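Asks: Just passing along the structure, written as structure tokens.
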Amino acid sequence: MQILLNGKRFATDAKTLDELCEDLGFAGAKIATAVNGSFVAAADRKLTPLAEQAEVEIVAPRQGG
Amino acid sequence: MLTLYGQTFASRLLLGTAQYPSPECLKRAVQASGAEIVTVSLRRESARARTGQGFWALIEQLGIRVLPNTAGCHTAKEAIATAKMARELFGTPWIKLEVIANDDTLQPDLFGLVEAASELAKEGFEVLPYTTEDLSAAERLVAAGCRVLMPWAAPIGSARGLINKDGLKTLRAYFPDTPLVIDAGVGAPSHAAEAMEMGYDAVLLNTAVAKAGDPVKMAEAFARAIEAGRLAFEAGLIEPRDMASPSTPVAGTPFFKLDTAS
């Protein structure tokens, strides 16, 4: 399945957002997520299926002004 | 003491964490500034680089409050989603709400800002909106639930100081009970001192410290300027006047003759 991960095309077999995060090595990491422009809370990642062409954002803390 | 959403702070300087020459320099600058609040952002995390994890470890070492921003958002929808991610990521209801209208000036989109602030306040966020000195926008932001306003001094990173002093004075006068934080455009400690002398509650800045020749020394310079400006405001400044007024007593001046014609 092809998705858009952080703005780039990405091939994955993950069926849920939680699976995707685990596959990427983010288990336990300080991240937040959104799918198709809407925030998905950590507790809801297991309940969030990924569809073809889903737009996934995975973000982390960064310097800011 | 500075009070923002019920939290009190001794320091009236809020410092950004971006653009420093090194993480160590950032840490030392924050310590030198005495800031008790630092701004942070969230950005896409690479599974390989994991940049954010190291940054977060540094911020945790500082042990001070973070104010996440929605920098780079151009619509209310983007800002709302970013704010929700920030709330979970940083564990705070505080959000420095930015909705940007124009990439050249980085000026706030006041319509999108009010829309996003209204929605976020309903969802329990404590919104600190990056706005302009525009009174109607300020009124709508307060009506939307914002209990702090953060007008710009000048465009972000421009270092131009208070470019609309009259507008900022008016805003201060219209909102005597709302904490007002100057956010963006401050380039020199004198700019920050001037804002504080005008009765602003605090100053938020980043570039002026991070890009200074010696960021640690500049952080301290800003801390002192902000403290001096606040003291001056509390002391009560004299009014400027057009003509001279001697400070030394006139009475008893030697060689003074009341009537030189006789």
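Ordering of the structure tokens sets the chain letters (A, B, ...), residue numbers begin anew at 1 in every chain, and ligands are numbered from 1 in the order given.
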Return as a tab-separated table the residues of chain B lying at most 10 Å from chain A, together with the closest atom-to-atom pair for each and the distance in Å to one decimal, counting only C-alpha atoms, with rows in chain order and ascending residue number.
Replies:
```
residue	atom	partner	partner_atom	distance
B:Leu14	CA	A:Gly65	CA	9.6
B:Leu15	CA	A:Gly65	CA	7.4
B:Gly16	CA	A:Gly65	CA	4.1
B:Thr17	CA	A:Gln63	CA	5.0
B:Ala18	CA	A:Gln63	CA	4.6
B:Gln19	CA	A:Gln63	CA	7.8
B:Tyr20	CA	A:Gln63	CA	9.3
B:Pro23	CA	A:Gln63	CA	9.9
B:Leu26	CA	A:Gln63	CA	9.9
B:Val38	CA	A:Gly65	CA	8.3
B:Thr39	CA	A:Gly65	CA	5.5
B:Val40	CA	A:Gly64	CA	4.1
B:Ser41	CA	A:Gly64	CA	4.6
B:Leu42	CA	A:Pro61	CA	4.6
B:Arg43	CA	A:Val59	CA	5.0
B:Arg44	CA	A:Val59	CA	4.2
B:Glu45	CA	A:Val59	CA	4.9
B:Ser46	CA	A:Ile58	CA	8.3
B:Ala47	CA	A:Leu24	CA	5.8
B:Arg48	CA	A:Leu24	CA	8.6
B:Arg50	CA	A:Ala60	CA	8.3
B:Thr51	CA	A:Arg62	CA	7.8
B:Gly52	CA	A:Pro61	CA	4.9
B:Gln53	CA	A:Lys30	CA	6.5
B:Gly54	CA	A:Pro61	CA	9.0
B:Phe55	CA	A:Arg62	CA	6.3
B:Trp56	CA	A:Pro61	CA	6.0
B:Ala57	CA	A:Pro61	CA	9.8
B:Ile59	CA	A:Pro61	CA	9.4
B:Leu67	CA	A:Gly64	CA	9.3
B:Pro68	CA	A:Gly64	CA	7.7
B:Asn69	CA	A:Gly64	CA	7.1
B:Thr70	CA	A:Gly64	CA	9.2
B:Ala71	CA	A:Gly64	CA	7.8
B:Lys77	CA	A:Gly37	CA	8.0
B:Glu78	CA	A:Gly37	CA	7.2
B:Ile80	CA	A:Phe39	CA	8.7
B:Ala81	CA	A:Phe39	CA	5.3
B:Thr82	CA	A:Phe39	CA	7.5
B:Ala83	CA	A:Phe39	CA	9.0
B:Lys84	CA	A:Phe39	CA	6.3
B:Met85	CA	A:Ala32	CA	5.4
B:Ala86	CA	A:Ala32	CA	7.5
B:Arg87	CA	A:Ala32	CA	9.2
B:Glu88	CA	A:Ala32	CA	6.9
B:Leu89	CA	A:Ala32	CA	5.9
B:Phe90	CA	A:Pro61	CA	7.9
B:Lys96	CA	A:Gly65	CA	9.6
B:Ile156	CA	A:Gly65	CA	9.1
B:Gly157	CA	A:Gly65	CA	9.6
B:Asp183	CA	A:Gly65	CA	9.4
B:Ala184	CA	A:Gly65	CA	8.7
B:Leu204	CA	A:Gly65	CA	8.4
B:Leu205	CA	A:Gly65	CA	7.1
B:Asn206	CA	A:Gly65	CA	5.6
B:Thr207	CA	A:Gly65	CA	7.9
```
Asks: Give me, as number ranges by chain, the residues of range 11-210 of chain B that a backbone DSSP run labels strand (DSSP E or B).
Replies: B: 13-16, 37-44, 65-69, 94-97, 100, 108, 126-131, 149-151, 180-183, 202-205
Asks: Excluding same-chain residues fewer than 5 positions from Thr170 in chain B, what lies within 9 Å of it counting only C-alpha atoms, as a ChimeraX atom specification?
Replies: /B:133,135,165,175
Asks: Pick out the residues sitting within 8 Å of range 14-19 of chain A, and hand them over as a list in words; count only C-alpha atoms, and ignore anything fewer than 5 positions along from it in its own chain.
Replies: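 Listed by chain and then number, they are Arg45, Lys46, Leu47, Thr48, Pro49, Leu50 and Ala51 of chain A.
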Asks: Please produce a file of those selected residues containing N, CA, C and O atoms, as a PDB file, in the first residue's frame.
Replies:
```pdb
ATOM      1  N   ARG A  45      -4.422   5.355  17.965  1.00  0.00           N
ATOM      2  CA  ARG A  45      -3.653   4.893  16.791  1.00  0.00           C
ATOM      3  C   ARG A  45      -3.998   3.455  16.413  1.00  0.00           C
ATOM      4  O   ARG A  45      -4.048   3.119  15.230  1.00  0.00           O
ATOM      5  N   LYS A  46      -4.256   2.617  17.412  1.00  0.00           N
ATOM      6  CA  LYS A  46      -4.612   1.217  17.126  1.00  0.00           C
ATOM      7  C   LYS A  46      -5.952   1.127  16.415  1.00  0.00           C
ATOM      8  O   LYS A  46      -6.212   0.172  15.691  1.00  0.00           O
ATOM      9  N   LEU A  47      -6.789   2.120  16.644  1.00  0.00           N
ATOM     10  CA  LEU A  47      -8.149   2.102  16.074  1.00  0.00           C
ATOM     11  C   LEU A  47      -8.211   2.849  14.746  1.00  0.00           C
ATOM     12  O   LEU A  47      -9.293   3.026  14.184  1.00  0.00           O
ATOM     13  N   THR A  48      -7.047   3.318  14.287  1.00  0.00           N
ATOM     14  CA  THR A  48      -7.044   4.138  13.073  1.00  0.00           C
ATOM     15  C   THR A  48      -6.478   3.348  11.894  1.00  0.00           C
ATOM     16  O   THR A  48      -5.257   3.158  11.791  1.00  0.00           O
ATOM     17  N   PRO A  49      -7.355   2.854  11.005  1.00  0.00           N
ATOM     18  CA  PRO A  49      -6.872   2.088   9.855  1.00  0.00           C
ATOM     19  C   PRO A  49      -6.206   3.005   8.843  1.00  0.00           C
ATOM     20  O   PRO A  49      -6.530   4.190   8.748  1.00  0.00           O
ATOM     21  N   LEU A  50      -5.262   2.433   8.118  1.00  0.00           N
ATOM     22  CA  LEU A  50      -4.607   3.199   7.055  1.00  0.00           C
ATOM     23  C   LEU A  50      -5.162   2.754   5.703  1.00  0.00           C
ATOM     24  O   LEU A  50      -5.224   1.557   5.415  1.00  0.00           O
ATOM     25  N   ALA A  51      -5.545   3.719   4.915  1.00  0.00           N
ATOM     26  CA  ALA A  51      -6.071   3.409   3.587  1.00  0.00           C
ATOM     27  C   ALA A  51      -5.042   3.821   2.540  1.00  0.00           C
ATOM     28  O   ALA A  51      -4.120   4.601   2.829  1.00  0.00           O
TER      29      ALA A  51
END
```
Asks: Write out as a list of chain:residue names each polymer residue whose atoms come within 8 Å of Ala79 in chain B, counting only C-alpha atoms; drop sequence neighbours fewer than 5 positions from it.
Replies: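 The filter keeps B:Thr70, B:Cys73, B:His74, B:Leu97, B:Glu98, B:Val99, B:Ala116.
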Asks: Leaving out Val142 in chain B and any residue of its chain fewer than 4 positions from it, which residues lie within 12 Å of it when counting only C-alpha atoms, given as a VMD selection string?
Replies: chain B and resid 113 to 114 117 to 118 121 126 to 129 131 135 to 138 146 to 150 174 to 175 177 to 180
Asks: Would you compute the distance between CA of Glu22 in chain A and CA of Lys8 in chain A? Give it in Å to one decimal.
Replies: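 Separating CA of Glu22 in chain A from CA of Lys8 in chain A is a distance of 18.4 Å.
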Asks: Rounded to one decimal, what separation in Å do you get between CA of Leu20 in chain A and CA of Ile3 in chain A?
Replies: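 Rounded to one decimal, the two atoms are 10.6 Å apart.
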Asks: Output as an MDAnalysis selection string all residues of range 10-172 of chain B that backbone DSSP marks as helix (DSSP H, G or I).
Replies: chainID B and resid 23:33 51:62 76:90 110:122 135:144 165:172
Asks: What is the CA of Tyr5 in chain B-CA of Arg230 in chain B distance in Å, reported with one decimal?
Replies: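 Value for the CA of Tyr5 in chain B-CA of Arg230 in chain B distance: 20.1 Å.
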